[in-house]
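Colleague: My structure is stored as entry37.csv, with CSV, C-alpha atoms.
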chain,number,residue,atom,x,y,z
I,1,MET,CA,-300.5,60.4,232.6
I,2,ARG,CA,-299.8,63.4,230.3
I,3,GLY,CA,-298.2,61.4,227.5
I,4,PRO,CA,-294.5,61.3,226.4
I,5,PRO,CA,-292.0,64.0,227.5
I,6,CYS,CA,-292.0,67.2,225.6
I,7,LEU,CA,-288.8,68.1,223.6
I,8,SER,CA,-287.1,71.3,224.3
I,9,GLN,CA,-287.6,74.1,221.8
I,10,SER,CA,-288.2,77.8,221.5
I,11,ARG,CA,-291.2,79.8,220.4
I,12,VAL,CA,-291.1,83.3,219.0
I,13,MET,CA,-293.3,86.1,220.2
I,14,THR,CA,-293.9,89.5,218.4
I,15,GLU,CA,-293.2,92.9,219.8
I,16,THR,CA,-294.9,95.7,217.8
I,17,GLY,CA,-292.6,98.5,216.6
I,18,GLU,CA,-293.5,102.1,216.0
I,19,GLU,CA,-293.2,102.2,212.2
I,20,GLU,CA,-296.6,100.7,211.5
I,21,ASN,CA,-299.6,100.0,213.6
I,22,VAL,CA,-300.1,96.2,213.7
I,23,SER,CA,-303.5,95.3,215.0
I,24,ALA,CA,-304.4,92.3,217.1
I,25,GLU,CA,-306.1,90.8,214.0
I,26,ALA,CA,-303.1,91.5,211.8
I,27,SER,CA,-300.8,89.6,214.1
I,28,GLY,CA,-303.0,86.5,213.8
I,29,PHE,CA,-303.7,83.5,216.0
I,30,SER,CA,-304.6,85.6,219.1
I,31,ASP,CA,-307.0,82.9,220.1
I,32,MET,CA,-308.5,82.9,223.6
I,33,SER,CA,-309.3,79.5,225.0
I,34,ASP,CA,-310.0,79.8,228.7
I,35,SER,CA,-313.4,78.6,230.0
I,36,GLU,CA,-313.4,80.1,233.4
I,37,PHE,CA,-314.4,83.4,231.7
I,38,LEU,CA,-318.0,82.4,231.9
I,39,GLU,CA,-318.3,81.0,235.4
I,40,ILE,CA,-317.7,84.1,237.6
I,41,LEU,CA,-321.1,83.7,239.4
I,42,ASP,CA,-322.0,80.6,241.3
I,43,LEU,CA,-324.5,78.7,239.1
I,44,GLU,CA,-326.3,75.7,240.5
I,45,ASP,CA,-326.7,73.0,237.8
I,46,GLY,CA,-330.3,72.3,237.1
I,47,LYS,CA,-331.6,75.3,239.2
I,48,GLU,CA,-331.1,78.2,236.9
I,49,SER,CA,-334.2,80.4,236.3
I,50,SER,CA,-335.5,80.7,232.8
I,51,ALA,CA,-337.5,83.8,233.8
I,52,LEU,CA,-334.3,85.9,233.3
I,53,LEU,CA,-334.9,85.9,229.6
I,54,SER,CA,-338.1,88.0,229.6
I,55,LYS,CA,-337.2,90.3,232.5
I,56,PRO,CA,-336.6,93.8,231.2
I,57,GLY,CA,-333.3,95.4,232.1
I,58,PRO,CA,-333.1,98.9,233.7
I,59,SER,CA,-331.7,100.5,230.6
I,60,SER,CA,-331.4,100.0,226.9
I,61,GLU,CA,-328.2,102.0,226.7
I,62,LEU,CA,-324.7,101.2,227.9
I,63,SER,CA,-322.5,103.9,229.2
I,64,GLY,CA,-319.2,104.5,227.5
I,65,LYS,CA,-316.3,106.7,228.4
I,66,ASP,CA,-317.3,109.8,230.5
I,67,ASP,CA,-320.7,108.0,231.2
I,68,LYS,CA,-322.0,109.0,227.8
I,69,PRO,CA,-324.6,106.5,226.4
I,70,MET,CA,-323.4,104.4,223.5
I,71,CYS,CA,-325.6,103.6,220.5
I,72,LEU,CA,-325.9,100.0,219.3
I,73,PRO,CA,-326.7,98.9,215.8
I,74,ASN,CA,-329.9,97.2,214.8
I,75,TRP,CA,-329.5,93.7,213.3
I,76,LYS,CA,-332.9,93.8,211.6
I,77,ARG,CA,-332.6,92.8,208.0
I,78,GLY,CA,-332.4,95.4,205.3
I,79,LEU,CA,-331.2,95.6,201.7
I,80,ASP,CA,-328.2,97.8,202.4
I,81,VAL,CA,-327.1,96.4,205.8
I,82,LEU,CA,-323.4,95.6,206.1
I,83,SER,CA,-322.5,92.1,206.9
I,84,PRO,CA,-320.8,91.5,210.3
I,85,MET,CA,-317.6,90.7,208.5
I,86,GLU,CA,-317.8,94.1,206.8
I,87,ARG,CA,-319.1,96.0,209.8
I,88,PHE,CA,-316.3,94.8,212.1
I,89,HIS,CA,-313.7,95.1,209.3
I,90,LEU,CA,-312.7,91.5,209.6
I,91,LYS,CA,-310.6,89.5,207.1
I,92,TYR,CA,-310.9,86.3,209.0
I,93,LEU,CA,-312.3,84.8,212.3
I,94,ASN,CA,-310.8,83.1,215.3
I,95,VAL,CA,-312.0,79.7,216.2
I,96,THR,CA,-313.1,81.1,219.5
I,97,ASP,CA,-315.4,83.5,217.8
I,98,LEU,CA,-317.4,80.5,216.6
I,99,SER,CA,-317.1,78.6,219.9
I,100,THR,CA,-318.4,81.7,221.7
I,101,GLN,CA,-321.4,81.7,219.4
I,102,ASN,CA,-322.0,78.2,220.7
I,103,TRP,CA,-322.4,79.7,224.2
I,104,CYS,CA,-324.4,82.8,223.2
I,105,GLU,CA,-324.2,84.4,219.8
I,106,LEU,CA,-325.7,87.7,220.9
I,107,GLN,CA,-323.2,88.0,223.7
I,108,MET,CA,-320.4,87.6,221.2
I,109,VAL,CA,-321.9,90.3,219.0
I,110,TYR,CA,-322.3,92.8,221.8
I,111,GLY,CA,-318.7,92.0,222.8
I,112,LYS,CA,-317.6,92.9,219.2
I,113,GLU,CA,-319.7,96.1,219.1
I,114,LEU,CA,-318.6,97.2,222.6
I,115,PRO,CA,-315.0,96.1,223.1
I,116,GLY,CA,-313.4,96.9,226.4
I,117,PHE,CA,-316.4,96.4,228.7
I,118,LEU,CA,-314.8,93.8,230.9
I,119,THR,CA,-315.4,93.7,234.6
I,120,PRO,CA,-312.3,93.8,236.9
I,121,GLU,CA,-313.4,90.4,238.3
I,122,LYS,CA,-313.5,88.8,234.8
I,123,ALA,CA,-310.2,90.5,233.8
I,124,ASP,CA,-308.5,89.1,236.9
I,125,VAL,CA,-309.8,85.6,236.1
I,126,LEU,CA,-308.6,85.9,232.5
I,127,ASP,CA,-305.2,87.1,233.5
I,128,THR,CA,-304.8,84.2,235.9
I,129,GLY,CA,-305.8,81.7,233.2
I,130,ALA,CA,-303.3,83.3,230.7
I,131,SER,CA,-300.5,83.0,233.4
I,132,ILE,CA,-301.2,79.3,233.8
I,133,HIS,CA,-301.1,78.7,230.1
I,134,LEU,CA,-297.8,80.6,229.9
I,135,ALA,CA,-296.3,78.6,232.8
I,136,ARG,CA,-297.3,75.4,231.0
I,137,GLU,CA,-295.7,76.6,227.8
I,138,LEU,CA,-292.5,77.6,229.6
I,139,GLU,CA,-292.2,74.0,230.8
I,140,LEU,CA,-291.5,73.1,227.2
I,141,HIS,CA,-289.6,76.0,225.6
I,142,ASP,CA,-288.3,79.5,226.1
I,143,LEU,CA,-290.0,82.5,224.5
I,144,VAL,CA,-288.0,84.7,222.2
I,145,THR,CA,-289.3,88.2,221.4
I,146,VAL,CA,-288.8,89.6,217.9
I,147,PRO,CA,-289.8,93.2,217.0
I,148,ILE,CA,-292.2,93.7,214.1
I,149,THR,CA,-293.4,96.6,212.1
I,150,ALA,CA,-295.9,95.1,209.7
I,151,LYS,CA,-298.6,92.4,209.6
I,152,GLU,CA,-296.4,90.4,207.2
I,153,ASP,CA,-293.7,90.3,209.9
I,154,ALA,CA,-296.3,89.1,212.5
I,155,TRP,CA,-297.5,86.3,210.3
I,156,ALA,CA,-293.9,85.4,209.4
I,157,ILE,CA,-293.3,84.8,213.1
I,158,LYS,CA,-296.2,82.4,213.2
I,159,PHE,CA,-294.9,80.5,210.2
I,160,LEU,CA,-291.4,80.3,211.7
I,161,ASN,CA,-293.0,78.7,214.8
I,162,ILE,CA,-294.8,76.2,212.6
I,163,LEU,CA,-291.6,75.3,210.8
I,164,THR,CA,-289.8,74.6,214.1
I,165,MET,CA,-292.6,72.7,215.6
I,166,ILE,CA,-293.3,70.2,212.8
I,167,PRO,CA,-289.9,68.4,213.2
I,168,SER,CA,-290.5,68.1,217.0
I,169,LEU,CA,-293.9,66.5,216.4
I,170,GLN,CA,-292.4,64.2,213.7
I,171,SER,CA,-289.9,63.0,216.2
I,172,GLU,CA,-292.8,62.1,218.5
I,173,GLY,CA,-292.2,65.1,220.8
I,174,CYS,CA,-294.8,67.4,222.3
I,175,ILE,CA,-295.6,70.8,221.0
I,176,ARG,CA,-297.6,73.6,222.4
I,177,GLU,CA,-299.3,76.7,221.0
I,178,PHE,CA,-299.5,75.3,217.4
I,179,PRO,CA,-301.1,77.7,215.0
I,180,VAL,CA,-303.8,76.4,212.7
I,181,PHE,CA,-305.6,78.1,209.8
I,182,GLY,CA,-307.8,77.3,206.8
I,183,GLU,CA,-310.9,78.2,204.8
I,184,VAL,CA,-314.1,76.8,206.1
I,185,GLU,CA,-317.5,77.4,204.4
I,186,GLY,CA,-316.0,80.4,202.6
I,187,VAL,CA,-314.5,82.1,205.7
I,188,PHE,CA,-310.9,81.9,206.8
I,189,LEU,CA,-310.4,80.7,210.3
I,190,VAL,CA,-307.4,80.8,212.6
I,191,GLY,CA,-306.7,79.3,216.0
I,192,VAL,CA,-304.1,78.0,218.4
I,193,ILE,CA,-304.0,74.4,219.6
I,194,ASP,CA,-302.8,74.2,223.2
I,195,GLU,CA,-300.9,70.9,222.9
I,196,LEU,CA,-300.2,68.1,220.5
I,197,HIS,CA,-298.4,64.9,221.4
I,198,TYR,CA,-298.4,61.1,220.7
I,199,THR,CA,-299.8,58.6,223.2
I,200,THR,CA,-298.0,55.4,224.1
I,201,LYS,CA,-300.1,53.7,221.4
I,202,GLY,CA,-298.8,56.1,218.8
I,203,GLU,CA,-302.0,58.1,218.4
I,204,LEU,CA,-301.8,61.8,217.9
I,205,GLU,CA,-303.7,63.5,220.8
I,206,LEU,CA,-304.8,67.1,221.1
I,207,THR,CA,-305.1,68.4,224.6
I,208,GLU,CA,-306.9,71.6,225.4
I,209,LEU,CA,-306.2,73.2,228.8
I,210,LYS,CA,-309.2,75.0,230.5
I,211,THR,CA,-308.6,76.7,233.8
I,212,ARG,CA,-311.4,77.1,236.4
I,213,LYS,CA,-311.7,79.7,239.1
I,214,ARG,CA,-313.7,77.3,241.3
I,215,PRO,CA,-312.7,73.7,242.0
I,216,LEU,CA,-315.7,72.4,240.0
I,217,LEU,CA,-316.1,71.0,236.6
I,218,PRO,CA,-318.2,73.2,234.2
I,219,LEU,CA,-321.8,72.7,233.4
I,220,ASP,CA,-322.8,70.7,230.3
I,221,ALA,CA,-323.4,73.9,228.3
I,222,GLN,CA,-319.8,75.0,228.9
I,223,LYS,CA,-318.5,71.5,228.0
I,224,LYS,CA,-320.5,71.7,224.8
I,225,LYS,CA,-318.8,74.9,223.8
I,226,ASP,CA,-315.4,73.5,224.6
I,227,CYS,CA,-316.1,70.3,222.7
I,228,PHE,CA,-317.0,72.3,219.6
I,229,GLN,CA,-313.8,74.3,219.9
I,230,VAL,CA,-311.5,71.3,219.9
I,231,SER,CA,-313.5,69.6,217.2
I,232,LEU,CA,-313.0,72.7,215.0
I,233,TYR,CA,-309.3,72.6,215.8
I,234,LYS,CA,-309.1,69.0,214.5
I,235,TYR,CA,-311.1,69.8,211.4
I,236,ILE,CA,-308.7,72.6,210.5
I,237,PHE,CA,-305.5,70.8,211.4
I,238,ASP,CA,-306.5,67.7,209.5
I,239,ALA,CA,-307.2,69.8,206.4
I,240,MET,CA,-303.7,71.4,206.8
I,241,VAL,CA,-301.9,68.1,206.9
I,242,GLN,CA,-304.0,66.6,204.1
I,243,GLY,CA,-303.1,69.4,201.7
I,244,LYS,CA,-306.6,70.9,201.6
I,245,VAL,CA,-305.4,74.4,202.7
I,246,THR,CA,-303.8,76.4,199.9
I,247,PRO,CA,-301.4,79.4,199.8
I,248,SER,CA,-303.8,81.2,197.4
I,249,SER,CA,-306.7,80.9,199.9
I,250,LEU,CA,-304.5,82.2,202.7
I,251,ILE,CA,-303.3,85.3,200.7
I,252,HIS,CA,-306.8,86.0,199.3
I,253,HIS,CA,-308.5,86.1,202.7
I,254,THR,CA,-305.7,87.8,204.8
I,255,LYS,CA,-304.8,90.3,202.1
I,256,LEU,CA,-301.1,89.8,202.9
I,257,CYS,CA,-298.4,90.9,200.5
I,258,PRO,CA,-296.2,87.8,200.0
I,259,ASP,CA,-293.5,89.8,198.1
I,260,LYS,CA,-293.0,92.4,200.8
I,261,PRO,CA,-289.5,92.1,202.3
I,262,LEU,CA,-289.5,91.0,206.0
I,263,GLY,CA,-288.2,93.3,208.6
I,264,PRO,CA,-284.5,93.0,209.6
I,265,PRO,CA,-285.2,91.5,213.1
I,266,VAL,CA,-287.4,88.8,211.5
I,267,LEU,CA,-284.8,88.0,208.9
I,268,ARG,CA,-282.1,87.7,211.5
I,269,HIS,CA,-284.2,85.3,213.6
I,270,ALA,CA,-285.1,83.2,210.5
I,271,GLN,CA,-281.4,82.9,209.7
I,272,GLN,CA,-280.7,81.8,213.3
I,273,GLU,CA,-283.3,79.1,212.8
I,274,GLY,CA,-281.6,78.0,209.6
I,275,PHE,CA,-284.1,79.5,207.1
I,276,SER,CA,-282.8,81.5,204.2
I,277,VAL,CA,-285.8,83.7,203.3
I,278,LYS,CA,-286.4,87.3,202.2
I,279,SER,CA,-290.1,87.7,202.0
I,280,LEU,CA,-293.3,86.3,203.6
I,281,GLY,CA,-293.9,84.4,200.3
I,282,ASP,CA,-290.7,82.5,200.9
I,283,LEU,CA,-291.9,81.4,204.3
I,284,ILE,CA,-295.4,80.5,203.0
I,285,GLU,CA,-293.8,78.2,200.4
I,286,LEU,CA,-291.7,76.6,203.1
I,287,VAL,CA,-294.6,76.0,205.4
I,288,PHE,CA,-296.8,74.4,202.9
I,289,LEU,CA,-294.0,72.3,201.6
I,290,SER,CA,-293.2,71.2,205.1
I,291,LEU,CA,-296.8,70.3,205.8
I,292,THR,CA,-297.0,68.3,202.5
I,293,LEU,CA,-293.7,66.4,203.1
I,294,SER,CA,-294.1,65.8,206.8
I,295,ASP,CA,-296.5,62.9,206.6
I,296,LEU,CA,-298.1,64.1,209.8
I,297,PRO,CA,-301.3,62.1,210.6
I,298,VAL,CA,-304.7,63.5,211.4
I,299,ILE,CA,-305.6,64.0,215.1
I,300,ASP,CA,-306.8,60.8,216.6
I,301,ILE,CA,-307.9,61.9,220.1
I,302,LEU,CA,-309.4,65.1,221.4
I,303,LYS,CA,-309.0,65.7,225.1
I,304,ILE,CA,-310.0,68.6,227.4
I,305,GLU,CA,-308.3,69.0,230.7
I,306,TYR,CA,-309.9,71.2,233.4
I,307,ILE,CA,-307.6,72.6,236.0
I,308,HIS,CA,-308.3,74.6,239.2
I,309,GLN,CA,-306.5,78.0,239.0
I,310,GLU,CA,-305.5,78.3,242.6
I,311,THR,CA,-304.2,74.8,243.3
I,312,ALA,CA,-303.3,73.6,239.7
I,313,THR,CA,-305.3,70.5,240.5
I,314,VAL,CA,-306.7,68.6,237.6
I,315,LEU,CA,-310.4,68.6,238.1
I,316,GLY,CA,-311.2,66.1,235.3
I,317,THR,CA,-310.8,65.4,231.7
I,318,GLU,CA,-313.2,65.1,228.8
I,319,ILE,CA,-312.6,62.8,225.8
I,320,VAL,CA,-314.5,64.3,222.8
I,321,ALA,CA,-316.0,62.2,220.1
I,322,PHE,CA,-315.4,63.9,216.8
I,323,GLU,CA,-318.5,64.1,214.5
I,324,GLU,CA,-317.6,65.8,211.3
I,325,LYS,CA,-321.2,66.3,210.0
I,326,ALA,CA,-322.2,67.9,213.3
I,327,VAL,CA,-319.2,70.2,213.2
I,328,ARG,CA,-319.9,71.3,209.6
I,329,ASP,CA,-323.6,71.9,210.3
I,330,LYS,CA,-322.7,74.2,213.3
I,331,VAL,CA,-320.0,76.0,211.3
I,332,GLN,CA,-322.5,76.6,208.5
I,333,HIS,CA,-325.0,78.0,210.9
I,334,TYR,CA,-322.6,80.3,212.7
I,335,ILE,CA,-320.9,81.6,209.5
I,336,ALA,CA,-324.4,82.4,208.1
I,337,TYR,CA,-324.5,85.2,210.7
I,338,TRP,CA,-321.0,86.5,209.7
I,339,MET,CA,-321.9,86.6,206.0
I,340,GLY,CA,-325.1,88.6,206.8
I,341,HIS,CA,-327.5,85.8,205.9
I,342,ARG,CA,-329.4,85.9,209.2
I,343,GLU,CA,-329.7,88.0,212.4
I,344,PRO,CA,-327.9,87.0,215.6
I,345,GLN,CA,-329.7,84.9,218.1
I,346,GLY,CA,-329.7,84.8,221.9
I,347,VAL,CA,-330.1,81.8,224.1
I,348,ASP,CA,-333.1,79.6,224.4
I,349,VAL,CA,-335.4,80.1,227.3
I,350,GLU,CA,-334.1,76.9,228.9
I,351,GLU,CA,-330.6,78.4,229.0
I,352,ALA,CA,-331.5,81.9,230.1
I,353,TRP,CA,-329.4,81.3,233.3
I,354,LYS,CA,-326.4,82.2,231.1
I,355,CYS,CA,-327.5,85.8,231.3
I,356,ARG,CA,-326.4,85.9,235.0
I,357,THR,CA,-322.7,86.0,233.9
I,358,CYS,CA,-323.2,88.4,230.9
I,359,ASN,CA,-321.9,92.0,230.9
I,360,PHE,CA,-324.7,93.0,228.5
I,361,THR,CA,-327.7,91.7,230.3
I,362,ASP,CA,-329.2,95.1,231.0
I,363,ILE,CA,-329.2,96.1,227.3
I,364,CYS,CA,-329.9,92.8,225.6
I,365,GLU,CA,-332.7,93.2,223.1
I,366,TRP,CA,-333.1,89.4,223.0
I,367,LYS,CA,-333.7,89.2,226.7
I,368,LYS,CA,-336.1,92.1,226.8
I,369,GLY,CA,-338.0,90.8,223.9
I,370,GLY,CA,-338.5,87.4,225.6
I,371,GLY,CA,-336.5,85.5,223.0
I,372,VAL,CA,-337.1,87.8,220.0
I,373,LEU,CA,-334.6,90.3,218.7
I,374,GLY,CA,-335.8,93.8,219.4
I,375,SER,CA,-336.2,96.6,216.8
I,376,THR,CA,-335.3,99.7,218.9
I,377,LEU,CA,-331.7,99.9,217.8
I,378,GLU,CA,-330.6,102.1,215.0
I,379,LEU,CA,-330.2,100.6,211.6
I,380,GLN,CA,-326.6,100.7,210.3
I,381,THR,CA,-326.4,100.9,206.5
I,382,LYS,CA,-323.7,101.2,204.0
I,383,LYS,CA,-322.3,104.7,203.4
I,384,ALA,CA,-323.0,106.3,200.0
I,385,LYS,CA,-320.0,106.1,197.8
Using structure tokens, write down the structure that the file contains.
Modeller:
Amino acid sequence: MRGPPCLSQSRVMTETGEEENVSAEASGFSDMSDSEFLEILDLEDGKESSALLSKPGPSSELSGKDDKPMCLPNWKRGLDVLSPMERFHLKYLNVTDLSTQNWCELQMVYGKELPGFLTPEKADVLDTGASIHLARELELHDLVTVPITAKEDAWAIKFLNILTMIPSLQSEGCIREFPVFGEVEGVFLVGVIDELHYTTKGELELTELKTRKRPLLPLDAQKKKDCFQVSLYKYIFDAMVQGKVTPSSLIHHTKLCPDKPLGPPVLRHAQQEGFSVKSLGDLIELVFLSLTLSDLPVIDILKIEYIHQETATVLGTEIVAFEEKAVRDKVQHYIAYWMGHREPQGVDVEEAWKCRTCNFTDICEWKKGGGVLGSTLELQTKKAK
């Protein structure tokens, strides 16, 4: 049973204009949640070799465009080393950044340092998973595209989606792709919940869809990553409906300009939805007022649904027990890396089988060092002012 029927509604998508370059980060909530991304190779549960961790790769360089070698930074501590938040020019993080750290922190870092190195096989799997998510979403509502020319427009669209979804959830409907955001341990996090609906017992349930290339449930290590992801969604959502997220925190971290007038296409759509606003600040005020007055409950149930990509067959479901202290402890550990308080870490020897599906196995300093971060990469320091 998938719970009560979902009410019809529409969700707005953004279309970047030419007047201003709006980055993926600026648009916000571009969270990736598919789990099949990590299971391209056939892995036998319990038979993975831990020898992979200390086996040297053929090269310590990764070829870039035109087969030219690319330099990687050194993460060894130093007085003037930029923090990862500074080095990657990030104002906030996605929930999936932290959940990927749960799988392999160093893999996540290499992915940030060397974006675009995605094998065709993994790209195809990712596209298929995204298509299934889109098809599921279209069961509930149509998608409306609105042109944007600034990051304030992009965030305005997300806030308009929240404003239209809250009444649906209040009337015990089902909503999908619900944006969440909030400050956790000094860092601002954003994410997208796949689905929220009420059970027949009146409990608010979060359902996370994970598609699988093969008709098999994931290994325990993958489930652990997924469980942490949905637990963090609950932690942030609960804080939003309990009034623990503030407009000042949002503006401080995102560096948005609340007084900047919204673009004409965004204003027109807002008026069509019944909202009389002129700036992003007007929408921020409406969103926080709506969250405060909605009396939405905290999430009661966390469920992960694994689906086979080819047949759309449900392979199984996982009910996640939420443990707030464990979530906070993990978040503190992961954010310590982003704040520059520690070096990134690779996997333990017992989980070295994860290296078999990694794009960066041939250059991984952790693997070549047998579980110790190498010191052969160049030190990246702050530029002199």
Colleague: What is the distance between CA of His333 in chain I and CA of Met85 in chain I, in Å to one decimal?
Modeller: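 That distance, rounded to one decimal, is 14.9 Å.
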Colleague: For range 177-192 of chain I, find every residue with an atom within 8 Å (counting all atoms listed in the file), except residues of its own chain fewer than 6 positions away, and show them as an MDAnalysis selection string.
Modeller: chainID I and resid 28:31 91:96 137 158 161:162 165 233 236:237 239:240 245 249:250 253 331:332 335
Colleague: Calculate how many Å separate CA of Ser99 in chain I from CA of Glu343 in chain I, rounding to one decimal.
Modeller: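 Taking CA of Ser99 in chain I and CA of Glu343 in chain I, their separation equals 17.4 Å.
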Colleague: Which value, in Å to one decimal, gives the distance between CA of Gly202 in chain I and CA of Asp300 in chain I?
Modeller: 9.5 Å
Colleague: Counting all atoms listed in the file, which of I:Ala352, I:Ala154, I:Leu90, I:Cys104 gets nearest to Gly263 in chain I?
Modeller: I:Ala154
Colleague: Find, counting all atoms listed in the file, the residue in I:Leu82, I:Leu163, I:Val298, I:Leu106 that gets nearest to Pro344 in chain I.
Modeller: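 Selected residue with least distance to Pro344 in chain I: I:Leu106.
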